[in-house]
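**Q** Questions regarding the structure given below will be posed in turn.
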Amino acid sequence: MLVIGGLLLSVQVLTQSQFTDITDTAGLVHQYRVHEGLFGGGACVLDYNNDGYEDVYVTGGLNDDQLLRNNGDGTLTDVSATAGLEITRHFVTQGVVSADVNRDGLQDLFITTITSRDSLQIIPRARNLLLLGRENGTFEDATDAWGLRPLYSFSTGASFGDFNNDGWPDVYVGNYFVGYAETLDHISDATIVGATQTAKGYLLLNDGGKRFIDVYDDYGLSHRGFGFGGLFTDYDNDGDQDLLVNHDFGYKATPDLLLRNDYPRQHFTDVAEAEGMDLRINAMGSARGDVNGDGLLDYYVTNIKLNRLMVAQGPEQGFIDEAKERGMHYVSISWGANFADFDHDGDEDLFVSNGDLNPNCVPMANFYFENQGGQFQERARAAGVGDYGIGRGSVVFDLENDGDLDVLAVCQGAVKDYPVPSITRLWRNDATKGNWLKVRLQGTQAEASGIGSRVTLFSRGRRMLREVDGGGSSHVSQNSRILHFGLGDVDRVDSVLVSWNGGHEQLLVNQAVNQVLTITEEVRAAESANTWRSPVVLIILACCVLAAIVYYQRIA
């Protein structure tokens with residue numbers, strides 16, 4: 001018996017899942033309740049009380065939103081009842097993102113909505129919500145004060161990004177309908193596309209931490225589509241934030257957009273067709289990552305049926321879908337997606353949250369793609385995350401500050417009978433081996449949390465690239481803004497290069513592993529001196545010198 005027991009114990013150890021479902025033990029009780037069909041919900045990682053442990057905000061749709069305080073011991077407590085979130089209970093919420101919009105050191109929330117719970121009126125539906133963080137751990141409704149009241153819409157996902165490089169976080173909001181007189185209880189191509197009411201997004205400029213101004217038209221944009229939000233990202237490595245916009249029904253209406261930021265000119269140019277990113281699919285969400293370690297960001301775009309892995313081919317060579325070639329050619333209906341080095345072997349794996357349209361409600365498991373030298377193997381069931389709930393947005397963060405990344409995936413409650421529980425789940429990462437490094441950025445001239453900035457880690461001839469997430473990633477969600485690197489058996493990091501949004505670079509060398517490295521942006525005292533060397537100033541100086549020479553020649 002002892003021998004048999006020992007053998008069984010050995011088998012359990014050998015077959016231990018990488019992730020453990022701790023939904024119940026962590027105290028998480030959440031389910032997104034839909035109002036109409038496929039829409040909602042999202043999650044956002046933030047440290048709202050600045051205690052060093054990352055918290056999570058989850059939208060609820062017709063259920064109440066939840067602010068989940070991280071207790072620091074692997075558990076979460078819903079504190080929404082005392083956090084000043086009463087305003088959210090009047091709306092059918094969709095997605096959520098956070099940033100410090102007024103640079104007071106506290107995280108603020110931007111929550112998208114599709115309608116008001118008080119009336120459930122036809123589109124145009126309701127305003128989105130801006131809630132400013134307070135020092136006592138509560139939030140204040142600043143929607144009207146920041147100019148959001150006139151922007152009534154059917155909004156899906158939002159994303160923070162500093163597109164004019166002034167240090168203040170701006171926002172892109174994806175809108176789905178501009179007007180629609182019916183409900184969406186039964187989803188079909190004919191129902192949605194027949195509406196012919198595609199909407200513009202909102203491009204909201206942060207005016208010095210005081211208000212948002214919609215500059216969509218001013219920046220040369222006129223595109224309309226069934227928007228599921230956008231992702232601010234520097235796809236072309238030029239130091240400013242571009243915008244990848246996801247559109248549903250791209251094959252019948254507007255394909256995905258890749259908007260190149262023409263900074264310092266106040267203009268975006270759609271280069272999607274030229275770059276191979278005009279995806280004519282049902283684009284639900286996006287994830288960014290450098291899958292092959294070449295220093296170029298690649299993008300995974302979720303879809304109905306087959307997702308896309310758009311791999312950068314190099315400067316001015318665009319992107320190519322390599323999902324099939326890299327082992328990711330699986331059929332499903334996918335929403336959230338998160339690149340992360342879950343196993344600490346030095347490359348990024350991928351979690352994908354799957355779920356059928358609701359009320360179709362056919363069970364489909366999540367994906368977990370393990371990166372094995374640039375090729376991916378799907379092993380969600382073996383990893384312990386192959387849940388069959390009706391998944392939507394998903395996020396990654398370090399719940400216990402133990403150095404590895406955990407996963408939370410939002411699930412909808414089924415409109416009709418469903419064979420398995422469909423609840424929001426939290427998986428703790430338990431089987432990770434190897435060293436790690438986490439990097440937290442603190443901007444002085446760049447955005448306060450480093451949103452849009454990048455960190456490249458060099459060690460033993462290997463290069464690893466991460467970009468700080470401002471939201472719009474996954475599906476209507478936002479991951480942790482603390483950048484994470486798995487290092488395997490590397491016991492020292494050769495160098496860490498920060499590329500701050502705007503182009504300024506900062507280098508640190510010989511860094512210890514298994515730590516949270518906080519990097520504060522250098523105050524560029526030499527910037528005034530460098531200003532004298534700019535081309536414009538040099539031309540002015542030359543003109544002044546020439547004028548002086550002419551003047552003195554005349555009076556001589």
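Chain labels run A, B, ... following the order of the structure tokens; each chain numbers its residues from 1, and ligands are numbered from 1 in the order shown.
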Any chance you could list, as a ChimeraX atom specification, the residues in region 222-407 of chain A that come up strand (DSSP E or B) when DSSP is run on the backbone?

**A** /A:225-233,242-248,257-261,268-270,286-289,298-301,304-306,308-312,319-321,331-340,349-354,367-372,375-378,390-397,406-407

**Q** Calculated over only C-alpha atoms, which of the candidates A:Val362, A:Ile111, A:Val498, A:Val490 has the smallest distance to Val92 (chain A)?

**A**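 The closest residue to Val92 (chain A) is A:Ile111.
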
**Q** Sort by chain and increasing residue number a table of all residues of region 385-410 of chain A within 10 Å of region 438-461 of chain A, each with its closest pair of atoms and their distance in Å to one decimal, counting only C-alpha atoms, and write it as a Markdown table.

**A**
```
| residue | atom | partner | partner_atom | distance |
| --- | --- | --- | --- | --- |
| A:Asp398 | CA | A:Lys438 | CA | 9.9 |
| A:Asn401 | CA | A:Lys438 | CA | 9.9 |
| A:Gly403 | CA | A:Lys438 | CA | 7.4 |
| A:Asp404 | CA | A:Lys438 | CA | 9.3 |
```

**Q** Return as JSON lines the residues of region 465-485 of chain A lying at most 12 Å from region 295-300 of chain A, together with the closest atom-to-atom pair for each and the distance in Å to one decimal, counting only C-alpha atoms, with rows in chain order and ascending residue number.

**A**
```
{"residue": "A:Leu465", "atom": "CA", "partner": "A:Gly295", "partner_atom": "CA", "distance": 6.1}
{"residue": "A:Arg466", "atom": "CA", "partner": "A:Leu297", "partner_atom": "CA", "distance": 8.5}
{"residue": "A:Glu467", "atom": "CA", "partner": "A:Leu297", "partner_atom": "CA", "distance": 8.8}
{"residue": "A:Ser473", "atom": "CA", "partner": "A:Tyr300", "partner_atom": "CA", "distance": 10.1}
{"residue": "A:Ser474", "atom": "CA", "partner": "A:Tyr300", "partner_atom": "CA", "distance": 9.3}
{"residue": "A:His475", "atom": "CA", "partner": "A:Tyr300", "partner_atom": "CA", "distance": 11.6}
```

**Q** Identify all residues of region 57-278 of chain A in helix (DSSP H, G or I) (DSSP on the backbone) and supply them as an mmCIF file with all heavy atoms, in the first residue's frame.

**A**
```
data_model
loop_
_atom_site.group_PDB
_atom_site.id
_atom_site.type_symbol
_atom_site.label_atom_id
_atom_site.label_comp_id
_atom_site.auth_asym_id
_atom_site.auth_seq_id
_atom_site.Cartn_x
_atom_site.Cartn_y
_atom_site.Cartn_z
ATOM 1 N N SER A 80 -16.340 47.516 -3.338
ATOM 2 C CA SER A 80 -17.053 48.470 -4.182
ATOM 3 C C SER A 80 -18.157 49.206 -3.422
ATOM 4 O O SER A 80 -18.475 50.351 -3.746
ATOM 5 C CB SER A 80 -17.629 47.761 -5.405
ATOM 6 O OG SER A 80 -18.394 46.635 -5.039
ATOM 7 N N ALA A 81 -18.720 48.571 -2.399
ATOM 8 C CA ALA A 81 -19.815 49.203 -1.666
ATOM 9 C C ALA A 81 -19.379 50.444 -0.917
ATOM 10 O O ALA A 81 -20.194 51.344 -0.641
ATOM 11 C CB ALA A 81 -20.435 48.194 -0.693
ATOM 12 N N THR A 82 -18.105 50.539 -0.584
ATOM 13 C CA THR A 82 -17.602 51.687 0.189
ATOM 14 C C THR A 82 -16.586 52.523 -0.587
ATOM 15 O O THR A 82 -15.909 53.368 -0.005
ATOM 16 C CB THR A 82 -16.948 51.194 1.497
ATOM 17 O OG1 THR A 82 -15.877 50.288 1.187
ATOM 18 C CG2 THR A 82 -17.971 50.501 2.378
ATOM 19 N N GLU A 86 -21.118 54.233 -6.639
ATOM 20 C CA GLU A 86 -22.565 54.145 -6.792
ATOM 21 C C GLU A 86 -23.026 54.518 -8.198
ATOM 22 O O GLU A 86 -23.975 53.944 -8.722
ATOM 23 C CB GLU A 86 -23.258 55.047 -5.763
ATOM 24 C CG GLU A 86 -23.086 54.620 -4.322
ATOM 25 C CD GLU A 86 -21.769 55.068 -3.719
ATOM 26 O OE1 GLU A 86 -21.006 55.782 -4.426
ATOM 27 O OE2 GLU A 86 -21.483 54.706 -2.564
ATOM 28 N N ILE A 87 -22.344 55.476 -8.824
ATOM 29 C CA ILE A 87 -22.744 55.940 -10.155
ATOM 30 C C ILE A 87 -22.741 54.803 -11.168
ATOM 31 O O ILE A 87 -23.554 54.773 -12.085
ATOM 32 C CB ILE A 87 -21.820 57.097 -10.625
ATOM 33 C CG1 ILE A 87 -22.293 57.682 -11.953
ATOM 34 C CG2 ILE A 87 -20.375 56.635 -10.740
ATOM 35 C CD1 ILE A 87 -23.608 58.396 -11.871
ATOM 36 N N THR A 88 -21.849 53.835 -11.013
ATOM 37 C CA THR A 88 -21.739 52.751 -11.997
ATOM 38 C C THR A 88 -22.980 51.865 -12.001
ATOM 39 O O THR A 88 -23.242 51.174 -12.984
ATOM 40 C CB THR A 88 -20.504 51.884 -11.717
ATOM 41 O OG1 THR A 88 -20.635 51.230 -10.450
ATOM 42 C CG2 THR A 88 -19.235 52.717 -11.714
ATOM 43 N N ARG A 89 -23.742 51.868 -10.930
ATOM 44 C CA ARG A 89 -24.904 50.987 -10.828
ATOM 45 C C ARG A 89 -26.075 51.470 -11.668
ATOM 46 O O ARG A 89 -27.094 50.789 -11.750
ATOM 47 C CB ARG A 89 -25.321 50.843 -9.359
ATOM 48 C CG ARG A 89 -24.224 50.180 -8.517
ATOM 49 C CD ARG A 89 -24.533 50.207 -7.047
ATOM 50 N NE ARG A 89 -23.346 49.797 -6.283
ATOM 51 C CZ ARG A 89 -23.067 50.177 -5.057
ATOM 52 N NH1 ARG A 89 -23.899 51.012 -4.437
ATOM 53 N NH2 ARG A 89 -21.984 49.750 -4.444
ATOM 54 N N HIS A 90 -25.930 52.618 -12.271
ATOM 55 C CA HIS A 90 -26.980 53.137 -13.154
ATOM 56 C C HIS A 90 -26.712 52.806 -14.625
ATOM 57 O O HIS A 90 -27.498 53.217 -15.489
ATOM 58 C CB HIS A 90 -27.092 54.652 -12.988
ATOM 59 C CG HIS A 90 -27.514 55.077 -11.614
ATOM 60 N ND1 HIS A 90 -28.820 55.017 -11.171
ATOM 61 C CD2 HIS A 90 -26.788 55.540 -10.562
ATOM 62 C CE1 HIS A 90 -28.890 55.441 -9.930
ATOM 63 N NE2 HIS A 90 -27.662 55.773 -9.536
ATOM 64 N N ASP A 189 -25.207 38.112 -38.441
ATOM 65 C CA ASP A 189 -24.609 39.066 -39.376
ATOM 66 C C ASP A 189 -25.654 40.054 -39.873
ATOM 67 O O ASP A 189 -25.414 41.260 -39.939
ATOM 68 C CB ASP A 189 -24.005 38.320 -40.578
ATOM 69 C CG ASP A 189 -22.711 37.628 -40.215
ATOM 70 O OD1 ASP A 189 -22.498 37.369 -39.024
ATOM 71 O OD2 ASP A 189 -21.920 37.347 -41.135
ATOM 72 N N ALA A 190 -26.819 39.538 -40.224
ATOM 73 C CA ALA A 190 -27.857 40.390 -40.796
ATOM 74 C C ALA A 190 -28.345 41.416 -39.778
ATOM 75 O O ALA A 190 -28.586 42.582 -40.107
ATOM 76 C CB ALA A 190 -29.020 39.542 -41.281
ATOM 77 N N THR A 191 -28.457 40.990 -38.519
ATOM 78 C CA THR A 191 -28.941 41.889 -37.479
ATOM 79 C C THR A 191 -28.021 43.079 -37.319
ATOM 80 O O THR A 191 -28.454 44.234 -37.281
ATOM 81 C CB THR A 191 -29.044 41.156 -36.131
ATOM 82 O OG1 THR A 191 -29.939 40.058 -36.279
ATOM 83 C CG2 THR A 191 -29.555 42.082 -35.046
ATOM 84 N N ILE A 192 -26.715 42.809 -37.231
ATOM 85 C CA ILE A 192 -25.763 43.873 -36.933
ATOM 86 C C ILE A 192 -25.408 44.690 -38.170
ATOM 87 O O ILE A 192 -25.520 45.910 -38.191
ATOM 88 C CB ILE A 192 -24.498 43.280 -36.286
ATOM 89 C CG1 ILE A 192 -24.866 42.722 -34.905
ATOM 90 C CG2 ILE A 192 -23.407 44.318 -36.163
ATOM 91 C CD1 ILE A 192 -23.713 42.144 -34.152
ATOM 92 N N VAL A 193 -24.994 44.017 -39.233
ATOM 93 C CA VAL A 193 -24.546 44.741 -40.413
ATOM 94 C C VAL A 193 -25.698 45.474 -41.070
ATOM 95 O O VAL A 193 -25.528 46.550 -41.649
ATOM 96 C CB VAL A 193 -23.861 43.778 -41.404
ATOM 97 C CG1 VAL A 193 -23.433 44.521 -42.655
ATOM 98 C CG2 VAL A 193 -22.661 43.135 -40.737
ATOM 99 N N ALA A 272 -2.918 50.577 -42.458
ATOM 100 C CA ALA A 272 -3.255 49.170 -42.266
ATOM 101 C C ALA A 272 -3.048 48.359 -43.534
ATOM 102 O O ALA A 272 -2.466 47.263 -43.507
ATOM 103 C CB ALA A 272 -4.691 49.040 -41.771
ATOM 104 N N GLU A 273 -3.506 48.851 -44.658
ATOM 105 C CA GLU A 273 -3.385 48.099 -45.909
ATOM 106 C C GLU A 273 -1.915 47.937 -46.300
ATOM 107 O O GLU A 273 -1.466 46.842 -46.658
ATOM 108 C CB GLU A 273 -4.153 48.799 -47.022
ATOM 109 C CG GLU A 273 -4.153 48.020 -48.334
ATOM 110 C CD GLU A 273 -5.019 48.673 -49.395
ATOM 111 O OE1 GLU A 273 -5.632 49.727 -49.124
ATOM 112 O OE2 GLU A 273 -5.089 48.112 -50.520
ATOM 113 N N ALA A 274 -1.157 49.004 -46.195
ATOM 114 C CA ALA A 274 0.255 48.938 -46.574
ATOM 115 C C ALA A 274 1.045 48.011 -45.665
ATOM 116 O O ALA A 274 1.999 47.355 -46.099
ATOM 117 C CB ALA A 274 0.858 50.345 -46.542
ATOM 118 N N GLU A 275 0.650 47.917 -44.383
ATOM 119 C CA GLU A 275 1.377 47.106 -43.414
ATOM 120 C C GLU A 275 0.797 45.692 -43.267
ATOM 121 O O GLU A 275 1.297 44.903 -42.467
ATOM 122 C CB GLU A 275 1.378 47.804 -42.044
ATOM 123 C CG GLU A 275 2.079 49.146 -42.025
ATOM 124 C CD GLU A 275 3.597 49.018 -42.056
ATOM 125 O OE1 GLU A 275 4.111 47.884 -41.970
ATOM 126 O OE2 GLU A 275 4.285 50.056 -42.173
#
```

**Q** Kindly indicate which residue among A:Leu309, A:Val34, A:Ala26, A:Leu507 lies nearest to Val415 (chain A), using only C-alpha atoms for the distances.

**A**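 Closest to Val415 (chain A), using only C-alpha atoms: A:Val34.
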
**Q** Check the smallest atom-to-atom distance from each of A:Leu130, A:Met464, A:Ile213, A:Val311 to Asp494 (chain A) using only C-alpha atoms, then report the winner.

**A**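 For Asp494 (chain A), the nearest of the given residues is A:Met464.
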